[in-house]
Amino acid sequence: MNMDARPFRFRPSMRLKSSWEFDEVFRTGRQLRGELVRICFMRRSGEPTRVGVAVGKKIAGAVGRAHGRRLLRESTRRLMPWLADGLWLVLSLRERALGESAAAIYRDAAVTMERAGLFADSWNGACWRVDAPCGQRTPSSPSP
């Protein structure tokens, strides 16, 4: 796949990488629970938004965790442009999400984040297909 075909990149500078960053978000941040994802976040004014993904060892074996991380990264990559500034987020996959598609995880994360007000004003609603006009869609609307 041509890298220019991806409209939204998930650059390393946008990721939480160090264990202390994850620990800080888990210990001092707020927690939101969706059907498929758990989102921990904290506000850090004056800093760019950064996101990390995690899949616990109790959920699946190594192959299942790797697959879960890929699904979470893809969902997060599509949501990154609309997240408000100054957030550190950690998205964690719940066990029931292992059999779901990336689009379903994306919709659940979008609904959960919108409920907490984590999106910028430019957010038009969840739209899995990048080439489809999102317009007035709401996160609960089915994607084509």
# chains A, B, ... in the order shown; residues from 1 in each chain; ligands from 1
>>> select_by_dssp(residues="chain A", states="alpha helix (DSSP H)", output="MDAnalysis selection string")
chainID A and resid 19:28 62:79 102:116
>>> residues_around(residues="stretch 113-119 of chain A", least_positions_apart="3", cutoff="9 Å", atoms="only C-alpha atoms", output="count of residues only")
15
>>> residues_around(residues="A:Thr28", least_positions_apart="6", cutoff="10 Å", atoms="only C-alpha atoms", output="MDAnalysis selection string")
chainID A and resid 40:42
>>> select_by_dssp(residues="chain A", states="strand (DSSP E)", output="number ranges by chain")
A: 30-33, 37-43, 50-54, 87-93
>>> atom_distance(atom1="atom CA of A:Arg44", atom2="atom CA of A:Tyr106")
23.8 Å
>>> closest_residue(among="A:Leu16, A:Ala60, A:Leu91, A:Val51", to="A:Ile105", atoms="only C-alpha atoms")
A:Leu91
>>> closest_residue(among="A:Val25, A:Ala66, A:Ala97, A:Ala104", to="A:Arg50", atoms="only C-alpha atoms")
A:Val25
>>> closest_residue(among="A:Ser18, A:Ser92, A:Ser101, A:Thr49", to="A:Ala120", atoms="only C-alpha atoms")
A:Thr49
>>> residues_around(residues="A:Leu93", least_positions_apart="3", cutoff="10 Å", atoms="only C-alpha atoms", output="list in words")
Gly34, Glu35, Leu36, Val37, Arg38, Ile39, Val53, Ala54, Val55, Gly56, Ile59, Arg65, Gly68, Arg69, Leu71, Leu72, Val90, Arg96, Ala97, Leu98 and Ile105 of chain A
>>> write_last_selection(atoms="C-alpha atoms", output="PDB file, in the first residue's frame")
ATOM      1  CA  GLY A  34     -17.232   1.267  26.380  1.00  0.00           C
ATOM      2  CA  GLU A  35     -18.605  -2.048  25.211  1.00  0.00           C
ATOM      3  CA  LEU A  36     -15.339  -3.016  23.519  1.00  0.00           C
ATOM      4  CA  VAL A  37     -12.679  -0.599  24.791  1.00  0.00           C
ATOM      5  CA  ARG A  38     -11.568   0.976  28.031  1.00  0.00           C
ATOM      6  CA  ILE A  39     -10.116   4.472  27.714  1.00  0.00           C
ATOM      7  CA  VAL A  53      -2.686   1.165  23.093  1.00  0.00           C
ATOM      8  CA  ALA A  54      -2.622  -1.811  25.449  1.00  0.00           C
ATOM      9  CA  VAL A  55      -4.001  -5.336  25.489  1.00  0.00           C
ATOM     10  CA  GLY A  56      -3.726  -7.195  28.778  1.00  0.00           C
ATOM     11  CA  ILE A  59      -7.276 -11.338  27.570  1.00  0.00           C
ATOM     12  CA  ARG A  65      -2.795  -9.555  21.852  1.00  0.00           C
ATOM     13  CA  GLY A  68      -5.853  -6.650  19.298  1.00  0.00           C
ATOM     14  CA  ARG A  69      -3.102  -4.020  19.265  1.00  0.00           C
ATOM     15  CA  LEU A  71      -7.099  -3.267  15.670  1.00  0.00           C
ATOM     16  CA  LEU A  72      -6.727  -0.582  18.352  1.00  0.00           C
ATOM     17  CA  VAL A  90      -4.477   4.884  26.642  1.00  0.00           C
ATOM     18  CA  ARG A  96     -15.292  -9.303  24.196  1.00  0.00           C
ATOM     19  CA  ALA A  97     -13.655  -7.184  21.477  1.00  0.00           C
ATOM     20  CA  LEU A  98     -11.307  -9.913  20.247  1.00  0.00           C
ATOM     21  CA  ILE A 105     -13.899  -0.991  17.801  1.00  0.00           C
TER      22      ILE A 105
END
>>> atom_distance(atom1="atom CA of A:Thr112", atom2="atom CA of A:Arg33")
7.1 Å
